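Okay, so here's the structure we're looking at.
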Protein chains: 2
Amino acid sequence: MSDMIEVFDTTLRDGLQVEGVSASVEDKLRIAEQLDHLGVHYIEGGWPGANPKDIEFFERAARDLRFESSTLVAFGSTRRPRGKVDDDATLRHLIDAGTSAVCIVAKSWDYHVLNALQTTLEEGEAMIADSVEYLVGNGRRVLVDMEHFFDGFKRNQEFALRAIEAAVVKGASHLVLCDTNGGSLPHEVQEIVTAVKSHVGDDATIGIHCHDDTGCAVANSMAAVLAGARHVQGTLNGLGERTGNTNLTTVIPNLQLKLGYDCLPEGRLERLTAVSNHVAEVLNRPMNPQAPYVGNSAFAHKAGLHVSAIARAKDAYEHVDPELVGNGTRFVVSEMAGRATITMKADELGLEMDGPAVNQVIDDLKRLEHEGYHFEAADASLELLMRRATGWHQDFFRVESMRVITDETMAGDFTTEATVKVWVGSDGSATRHVHTAEGNGPVNAIDKALRAAVLDAYPQLERIHLTDYKVRILDGATATGAVTRVLLDATDGERSWTTIGVSGNIIEASWRALEESLVYGLLHTPA
Amino acid sequence: MSDMIEVFDTTLRDGLQVEGVSASVEDKLRIAEQLDHLGVHYIEGGWPGANPKDIEFFERAARDLRFESSTLVAFGSTRRPRGKVDDDATLRHLIDAGTSAVCIVAKSWDYHVLNALQTTLEEGEAMIADSVEYLVGNGRRVLVDMEHFFDGFKRNQEFALRAIEAAVVKGASHLVLCDTNGGSLPHEVQEIVTAVKSHVGDDATIGIHCHDDTGCAVANSMAAVLAGARHVQGTLNGLGERTGNTNLTTVIPNLQLKLGYDCLPEGRLERLTAVSNHVAEVLNRPMNPQAPYVGNSAFAHKAGLHVSAIARAKDAYEHVDPELVGNGTRFVVSEMAGRATITMKADELGLEMDGPAVNQVIDDLKRLEHEGYHFEAADASLELLMRRATGWHQDFFRVESMRVITDETMAGDFTTEATVKVWVGSDGSATRHVHTAEGNGPVNAIDKALRAAVLDAYPQLERIHLTDYKVRILDGATATGAVTRVLLDATDGERSWTTIGVSGNIIEASWRALEESLVYGLLHTPA
């Protein structure tokens with residue numbers, strides 16, 4: 001028995017079936033890079049036969065991405081019923097994707113062959129055999145997703161095994177048993193995978209692909225591994241349609257830390273939390289704080305008497321060391337303060353900080369992060385906060401007042417205008433500037449008005465522009481009264497920076513981030 | 001072997017350890033009513049010895065609640081080390097709570113007895129024996145939560161079993177094996193519960209209490225049942241500290257629909273989705289749409305070729321009939337939708353749609369999704385769009401104009417006010433209402449102003465409120481000039497819905513979503 005489990009990530013294909021998410025080709029390329037960085041064996045990139053955007057993804061990936069650890073996989077299906085492999089569009093798209101490995105879905109429940117495909121079981125088998133033979137003949141490694149396998153096996157075991165044999169004899173490298181409707185329980189999966197393993201032996205690798213409809217996708221995947229599967233499919237953060245696919249951020253540490261299998265290359269597991277967060281960010285999906293291993297609450301302890309006890313014997317209170325997955329112990333009430341980190345950061349920025357200033361930064365961070373700030377994501381705002389702790393104040397400009405008005409007319413048109421009153425220059429010689437600008441939204445309008453007001457004094461603002469604007473609602477509970485976190489990215493063409501604003505008022509949050517973005521730009525961009 | 005599994009709900013005690021939730025006594029009483037309505041066997045109401053609010057809860061519960069199905073349980077712990085039962089405050093509070101059943105936590109991992117309690121193993125045993133004897137002597141049914149049982153059993157099996165015996169010989173009715181750190185896997189749980197069951201026999205009921213730190217709380221609970229446990233503890237929606245407790249909304253249907261155990265009284269399982277939503281609502285926690293069985297996406301199907309196939313044979317595509325848990329099949333509609341999907345969706349909504357109306361919907365979807373709308377995520381906006389294609393117009397109210405003003409003063413304070421001018425009622429007899437409201441942000445302000453303007457005519461708006469507000473910037477390239485997509489979730493306490501607005505102007509996008517949200521609510525919420 002090998003102690004290596006292949007991890008097959010299908011975030012970019014099955015994962016994107018989750019409701020409410022749409023990813024651009026650019027988003028998908030960024031996620032693929034993260035997956036390679038994490039070190040999964042296979043990255044399923046998309047279904048070029050079904051989705052034109054996925055054709056572009058494979059072209060761009062071939063041109064722009066160089067994977068260190070992962071193999072890119074194109075997904076498709078077996079040939080049409082009563083068709084030929086030579087003129088089958090799906091198979092041609094698969095070959096055109098240019099990946100060394102392909103994964104095709106095949107029907108292994110007799111019901112679906114007879115009723116969904118409306119063909120005979122013999123033709124169902126031939127569709128699998130012909131397609132695998134054709135793809136292997138074209139030099140591809142061929143993985144076969146046996147759709148509805150567990151339901152099919154329960155109803156017609158003989159056909160389910162014939163479907164498997166059709167793939168094996170033509171050279172499929174992997175038979176991936178799919179619990180497509182997600183209704184199976186661990187003891188059933190273990191029993192059926194044991195039966196398949198004894199049937200297939202070492203002729204092909206057995207894989208497992210689960211959905212979480214019984215809340216058991218992770219447990220089902222582990223049951224399959226205990227029964228002989230050596231290839232686990234899933235998605236980051238459990239993305240996927242309905243209840244989601246097997247969550248790789250849970251099953252990988254379970255397999256690696258608890259069952260002793262090798263899943264990721266040496267040293268990669270500790271990237272898990274960061275990659276999980278990064279992918280959530282790219283897709284603008286909030287992380288589940290309760291997510292095992294990678295969630296913000298996963299190793300959070302309610303403070304009180306236990307804190308010192310936990311510090312003395314962490315393994316009596318934590319099921320694994322959170323640092324193994326790149327997460328950390330968190331004490332909910334009394335946050336641990338990091339003097340060393342602040343001092344190092346000050347050195348990095350060339351700031352002189354004495355003890356009281358470091359304490360001030362720690363206090364400010366605690367207070368502001370409690371309010372919803374997140375300085376990890378906003379390097380420029382952190383730098384300004386640290387400078388202020390040393391007594392520094394920006395004297396580029398001082399805002400007297402700001403007003404934004406949005407009107408909807410009877411005809412349903414919207415107009416927005418902002419008026420900004422600003423004092424420019426140091427206190428003694430400051431001059432007052434009032435500017436009004438229209439914009440196609442409040443943030444756009446205040447950005448234009450503020451720039452117009454200070455541009456004469458700081459012409460370098462012409463070179464500084466905003467590149468991204470992200471909004472996150474932090475507490476869904478109070479809906480439109482919730483706290484809003486705005487992140488603004490800006491660049492002067494040489495360096496890029498991010499600022500943050502947090503407020504119950506989205507305009508205020510945006511304005512704070514905007515003001516800091518311009519101040520940071522003025523600090524670092526020569527006139 | 002009995003085919004009945006007792007359900008023990010600890011939402012009101014362990015569940016409230018989840019980060020970011022605080023519940024009033026009133027909230028807890030409302031949740032207890034829901035739990036009885038669902039029909040769980042036991043409702044653990046709180047820890048009167050640790051929390052003064054919980055003392056009030058038990059007083060109010062005794063006075064105001066009459067349970068039809070459930071038994072209320074007070075939670076506490078064994079007596080102090082080297083103390084006496086007669087003058088132990090925790091035990092006294094337990095008795096004072098006046099419940100017929102109590103649950104006490106006992107240490108069953110030798111490490112915690114020796115190090116956390118700083119006492120001997122003999123005294124650890126005596127603490128359990130004395131406390132059970134005392135409570136039984138006071139006429140209580142006594143359940144014992146064996147804390148850290150699985151970790152303890154792995155390290156010192158002999159002491160773990162001695163702890164159990166101490167409880168059994170003094171008359172404990174239940175031994176609840178707790179995976180306190182949540183690190184266990186199903187095969188370990190099954191093995192250890194089997195060992196305990198063979199040790200204890202029928203002297204007491206074996207219970208299971210899991211946490212989801214390996215993503216296996218549900219699977220672990222079922223593994224325990226398969227090994228002989230007949231009492232399952234958990235929380236609604238998997239609330240609980242760190243990664244949460246066993247999710248009862250998942251494990252109950254698994255046990256009842258898939259393994260054939262009786263968990264809830266006849267006819268109650270179909271209340272599951274409503275109770276799950278209601279409790280989320282009381283605690284102001286958004287529902288996880290991906291939650292098995294009860295989530296909004298749990299039985300959602302992506303449109304396309306499969307829709308008509310699903311309609312023909314639902315059990316080939318759904319692991320259980322969603323109506324058994326009070327949920328429903330949902331067809332997700334997007335720009336890829338064909339005529340069949342739209343027609344089925346119309347049937348689902350009870351709308352009569354002729355051919356031209358269906359074509360109109362398909363055209364509208366294509367155009368709007370190209371602009372950035374995403375109807376998959378916004379069922380209510382889709383329904384309104386489909387209704388409009390049949391010639392329907394909402395005649396609840398008509399907006400003449402809307403204005404939002406945000407001001408920042410010299411002191412840095414922000415104020416936002418919105419003025420809305422609306423005609424209420426059908427065209428002939430419409431009356432004009434002008435209202436201004438302040439809010440802590442533009443969306444909050446326009447929500448308040450619009451409601452104030454139409455509330456007299458539609459008092460049911462009091463019951464409708466917004467539960468979540470999501471903002472996505474669609475094209476980062478143009479930063480603050482980018483297109484904004486707003487999703488608004490709302491509820492009337494019975495059903496929840498989502499609307500969408502898209503615009504270059506975030507205020508306009510929010511306003512569109514808000515207007516549709518209220519219109520949808522007025523359509524479906526009786527006066």
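Naming works like this for the structure tokens: A, B, ... for the chains as they're shown, residue 1 at the start of each chain, ligands 1 onward in shown order.
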
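Fit chain A to chain B on the Cα trace, atom for atom in sequence order, and the RMSD comes out at 5.9 Å.
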
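Of all the residues in stretch 354-429 of chain A, the ones DSSP labels as alpha helix (DSSP H) from the backbone are Gly355, Pro356, Ala357, Val358, Asn359, Gln360, Val361, Ile362, Asp363, Asp364, Leu365, Lys366, Arg367, Leu368, Glu369, His370, Glu371, Asp379, Ala380, Ser381, Leu382, Glu383, Leu384, Leu385, Met386, Arg387, Arg388 and Ala389 of chain A.
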
If DSSP is run on the backbone, what residues of stretch 370-486 of chain A are strand (DSSP E or B)? A reply as JSON, numbers by chain would be ideal. {"A": [397, 398, 399, 400, 401, 402, 403, 404, 405, 406, 407, 408, 414, 415, 416, 417, 418, 419, 420, 421, 422, 423, 424, 431, 432, 433, 434, 435, 436, 437, 438, 439, 465, 466, 467, 468, 469, 470, 471, 472, 473, 484, 485, 486]}

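Counting only C-alpha atoms, the residue from B:Leu351, B:Val519, B:Ala300, B:Val502 that sits nearest to chain A is B:Ala300.
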
Quick one: residues within 9 Å of B:Ala513, only C-alpha atoms, excluding same-chain residues fewer than 4 positions away - as a list of chain:residue names? B:Ser381, B:Val486, B:Leu487, B:Leu488, B:Thr498, B:Thr499, B:Ile500, B:Gly501, B:Val502, B:Glu508, B:Ala509, B:Ser517, B:Leu518

Using only N, CA and C atoms, please write the residues we just selected to a file, as a PDB file, in the first residue's frame.
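Produced file result-v7.pdb, reproduced below:
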ATOM      1  N   SER B 381     -35.408  38.819  -7.774  1.00  0.00           N
ATOM      2  CA  SER B 381     -35.331  39.695  -8.943  1.00  0.00           C
ATOM      3  C   SER B 381     -35.702  38.929 -10.201  1.00  0.00           C
ATOM      4  N   VAL B 486     -24.772  44.781  -6.465  1.00  0.00           N
ATOM      5  CA  VAL B 486     -25.235  44.692  -5.080  1.00  0.00           C
ATOM      6  C   VAL B 486     -26.243  43.556  -4.964  1.00  0.00           C
ATOM      7  N   LEU B 487     -26.066  42.716  -3.963  1.00  0.00           N
ATOM      8  CA  LEU B 487     -27.063  41.696  -3.651  1.00  0.00           C
ATOM      9  C   LEU B 487     -27.625  41.994  -2.273  1.00  0.00           C
ATOM     10  N   LEU B 488     -28.946  41.976  -2.162  1.00  0.00           N
ATOM     11  CA  LEU B 488     -29.612  42.245  -0.881  1.00  0.00           C
ATOM     12  C   LEU B 488     -30.433  41.031  -0.479  1.00  0.00           C
ATOM     13  N   THR B 498     -33.610  37.123  -2.307  1.00  0.00           N
ATOM     14  CA  THR B 498     -32.459  37.927  -2.695  1.00  0.00           C
ATOM     15  C   THR B 498     -32.781  38.725  -3.943  1.00  0.00           C
ATOM     16  N   THR B 499     -32.386  39.990  -3.910  1.00  0.00           N
ATOM     17  CA  THR B 499     -32.556  40.831  -5.095  1.00  0.00           C
ATOM     18  C   THR B 499     -31.201  41.400  -5.496  1.00  0.00           C
ATOM     19  N   ILE B 500     -31.154  41.924  -6.716  1.00  0.00           N
ATOM     20  CA  ILE B 500     -29.881  42.371  -7.266  1.00  0.00           C
ATOM     21  C   ILE B 500     -30.043  43.742  -7.908  1.00  0.00           C
ATOM     22  N   GLY B 501     -28.986  44.523  -7.836  1.00  0.00           N
ATOM     23  CA  GLY B 501     -28.927  45.784  -8.566  1.00  0.00           C
ATOM     24  C   GLY B 501     -27.526  45.959  -9.134  1.00  0.00           C
ATOM     25  N   VAL B 502     -27.422  46.478 -10.348  1.00  0.00           N
ATOM     26  CA  VAL B 502     -26.123  46.664 -10.995  1.00  0.00           C
ATOM     27  C   VAL B 502     -26.071  48.059 -11.571  1.00  0.00           C
ATOM     28  N   GLU B 508     -27.088  53.769  -6.927  1.00  0.00           N
ATOM     29  CA  GLU B 508     -28.148  53.313  -7.824  1.00  0.00           C
ATOM     30  C   GLU B 508     -28.311  51.790  -7.726  1.00  0.00           C
ATOM     31  N   ALA B 509     -27.192  51.069  -7.715  1.00  0.00           N
ATOM     32  CA  ALA B 509     -27.261  49.603  -7.639  1.00  0.00           C
ATOM     33  C   ALA B 509     -27.974  49.182  -6.348  1.00  0.00           C
ATOM     34  N   SER B 517     -36.537  44.422  -3.507  1.00  0.00           N
ATOM     35  CA  SER B 517     -36.676  43.613  -2.300  1.00  0.00           C
ATOM     36  C   SER B 517     -38.010  43.910  -1.618  1.00  0.00           C
ATOM     37  N   LEU B 518     -38.352  45.193  -1.521  1.00  0.00           N
ATOM     38  CA  LEU B 518     -39.612  45.559  -0.872  1.00  0.00           C
ATOM     39  C   LEU B 518     -40.799  45.120  -1.723  1.00  0.00           C
TER      40      LEU B 518
END

Please provide as JSON, numbers by chain all residues within 8 Å of A:Leu324, with the sequence filter that same-chain residues fewer than 4 positions apart are discarded (counting only C-alpha atoms). {"A": [269, 270, 320]}

What would the file look like if the residues just selected were written as a PDB file, in the first residue's frame with all heavy atoms?
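Output contents, as saved in selection.pdb:
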ATOM      1  N   LEU A 269       2.183  22.238   3.223  1.00  0.00           N
ATOM      2  CA  LEU A 269       0.935  22.246   4.002  1.00  0.00           C
ATOM      3  C   LEU A 269       0.775  23.554   4.764  1.00  0.00           C
ATOM      4  O   LEU A 269      -0.342  24.060   4.933  1.00  0.00           O
ATOM      5  CB  LEU A 269       0.913  21.049   4.966  1.00  0.00           C
ATOM      6  CG  LEU A 269      -0.399  20.837   5.725  1.00  0.00           C
ATOM      7  CD1 LEU A 269      -1.560  20.604   4.781  1.00  0.00           C
ATOM      8  CD2 LEU A 269      -0.265  19.654   6.697  1.00  0.00           C
ATOM      9  N   GLU A 270       1.892  24.131   5.185  1.00  0.00           N
ATOM     10  CA  GLU A 270       1.795  25.365   5.966  1.00  0.00           C
ATOM     11  C   GLU A 270       1.337  26.558   5.120  1.00  0.00           C
ATOM     12  O   GLU A 270       1.086  27.636   5.650  1.00  0.00           O
ATOM     13  CB  GLU A 270       3.138  25.665   6.650  1.00  0.00           C
ATOM     14  CG  GLU A 270       4.257  25.938   5.703  1.00  0.00           C
ATOM     15  CD  GLU A 270       5.618  25.559   6.305  1.00  0.00           C
ATOM     16  OE1 GLU A 270       5.754  24.460   6.885  1.00  0.00           O
ATOM     17  OE2 GLU A 270       6.540  26.374   6.188  1.00  0.00           O
ATOM     18  N   VAL A 320      -4.534  19.714  16.587  1.00  0.00           N
ATOM     19  CA  VAL A 320      -3.230  19.707  15.905  1.00  0.00           C
ATOM     20  C   VAL A 320      -2.579  21.067  16.167  1.00  0.00           C
ATOM     21  O   VAL A 320      -3.247  22.020  16.573  1.00  0.00           O
ATOM     22  CB  VAL A 320      -3.342  19.513  14.364  1.00  0.00           C
ATOM     23  CG1 VAL A 320      -3.926  18.150  14.004  1.00  0.00           C
ATOM     24  CG2 VAL A 320      -4.171  20.628  13.736  1.00  0.00           C
TER      25      VAL A 320
END

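The two atoms in question, atom CA of B:Ser510 and atom CA of B:Ile362, are spaced 24.3 Å apart.
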
For stretch 70-76 of chain B, work out the shell of residues within 6 Å, counting only C-alpha atoms and skipping chain neighbours fewer than 5 positions away, then give it as a VMD selection string. chain B and resid 36 40 to 47 99 101 to 104

For the residues in that selection, give me N, CA, C and O atoms as a JSON list (two decimals), in the first residue's frame.
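result.json, written as the output of this step:
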[["chain", "number", "residue", "atom", "x", "y", "z"],
["B", 36, "ASP", "N", -38.70, 22.82, 20.62],
["B", 36, "ASP", "CA", -39.81, 21.96, 21.02],
["B", 36, "ASP", "C", -40.74, 21.71, 19.82],
["B", 36, "ASP", "O", -41.23, 20.59, 19.61],
["B", 40, "VAL", "N", -37.17, 17.93, 19.39],
["B", 40, "VAL", "CA", -35.99, 17.26, 19.95],
["B", 40, "VAL", "C", -36.33, 16.72, 21.35],
["B", 40, "VAL", "O", -37.22, 17.23, 22.02],
["B", 41, "HIS", "N", -35.59, 15.69, 21.78],
["B", 41, "HIS", "CA", -35.89, 15.09, 23.08],
["B", 41, "HIS", "C", -35.47, 16.00, 24.24],
["B", 41, "HIS", "O", -36.19, 16.16, 25.21],
["B", 42, "TYR", "N", -34.27, 16.54, 24.12],
["B", 42, "TYR", "CA", -33.73, 17.37, 25.21],
["B", 42, "TYR", "C", -33.30, 18.73, 24.69],
["B", 42, "TYR", "O", -32.71, 18.84, 23.60],
["B", 43, "ILE", "N", -33.56, 19.75, 25.47],
["B", 43, "ILE", "CA", -33.08, 21.10, 25.17],
["B", 43, "ILE", "C", -32.20, 21.54, 26.34],
["B", 43, "ILE", "O", -32.69, 21.75, 27.46],
["B", 44, "GLU", "N", -30.91, 21.65, 26.08],
["B", 44, "GLU", "CA", -30.01, 22.14, 27.13],
["B", 44, "GLU", "C", -30.08, 23.66, 27.13],
["B", 44, "GLU", "O", -29.71, 24.30, 26.13],
["B", 45, "GLY", "N", -30.55, 24.23, 28.20],
["B", 45, "GLY", "CA", -30.89, 25.65, 28.19],
["B", 45, "GLY", "C", -29.78, 26.59, 28.60],
["B", 45, "GLY", "O", -29.82, 27.78, 28.29],
["B", 46, "GLY", "N", -28.77, 26.08, 29.30],
["B", 46, "GLY", "CA", -27.70, 26.97, 29.73],
["B", 46, "GLY", "C", -27.00, 26.44, 30.96],
["B", 46, "GLY", "O", -27.27, 25.31, 31.41],
["B", 47, "TRP", "N", -26.10, 27.23, 31.48],
["B", 47, "TRP", "CA", -25.24, 26.85, 32.60],
["B", 47, "TRP", "C", -25.50, 27.82, 33.75],
["B", 47, "TRP", "O", -24.81, 28.83, 33.87],
["B", 99, "THR", "N", -35.06, 21.83, 36.74],
["B", 99, "THR", "CA", -35.35, 20.94, 35.60],
["B", 99, "THR", "C", -35.36, 19.49, 36.08],
["B", 99, "THR", "O", -34.69, 19.15, 37.04],
["B", 101, "ALA", "N", -34.17, 17.02, 34.38],
["B", 101, "ALA", "CA", -32.92, 16.39, 33.94],
["B", 101, "ALA", "C", -31.79, 17.41, 34.00],
["B", 101, "ALA", "O", -32.00, 18.60, 33.77],
["B", 102, "VAL", "N", -30.61, 16.93, 34.36],
["B", 102, "VAL", "CA", -29.42, 17.80, 34.37],
["B", 102, "VAL", "C", -28.30, 17.09, 33.63],
["B", 102, "VAL", "O", -28.27, 15.86, 33.53],
["B", 103, "CYS", "N", -27.39, 17.90, 33.08],
["B", 103, "CYS", "CA", -26.22, 17.34, 32.40],
["B", 103, "CYS", "C", -24.98, 17.94, 33.05],
["B", 103, "CYS", "O", -24.89, 19.17, 33.17],
["B", 104, "ILE", "N", -24.06, 17.09, 33.53],
["B", 104, "ILE", "CA", -22.84, 17.63, 34.13],
["B", 104, "ILE", "C", -21.63, 17.16, 33.35],
["B", 104, "ILE", "O", -21.60, 16.07, 32.80]]

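Here atom CA of A:Leu35 stands at a distance of 7.9 Å from atom CA of A:Asp9.
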
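Our summary of the geometry notes that atom CA of A:Asp96 is positioned 12.1 Å from atom CA of A:Phe57.
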
Name all residues at most 10 Å from A:Val169 (count only C-alpha atoms; drop same-chain ones fewer than 3 positions away) and give them as a ChimeraX atom specification. /A:129,132-133,164-166,172,203-204
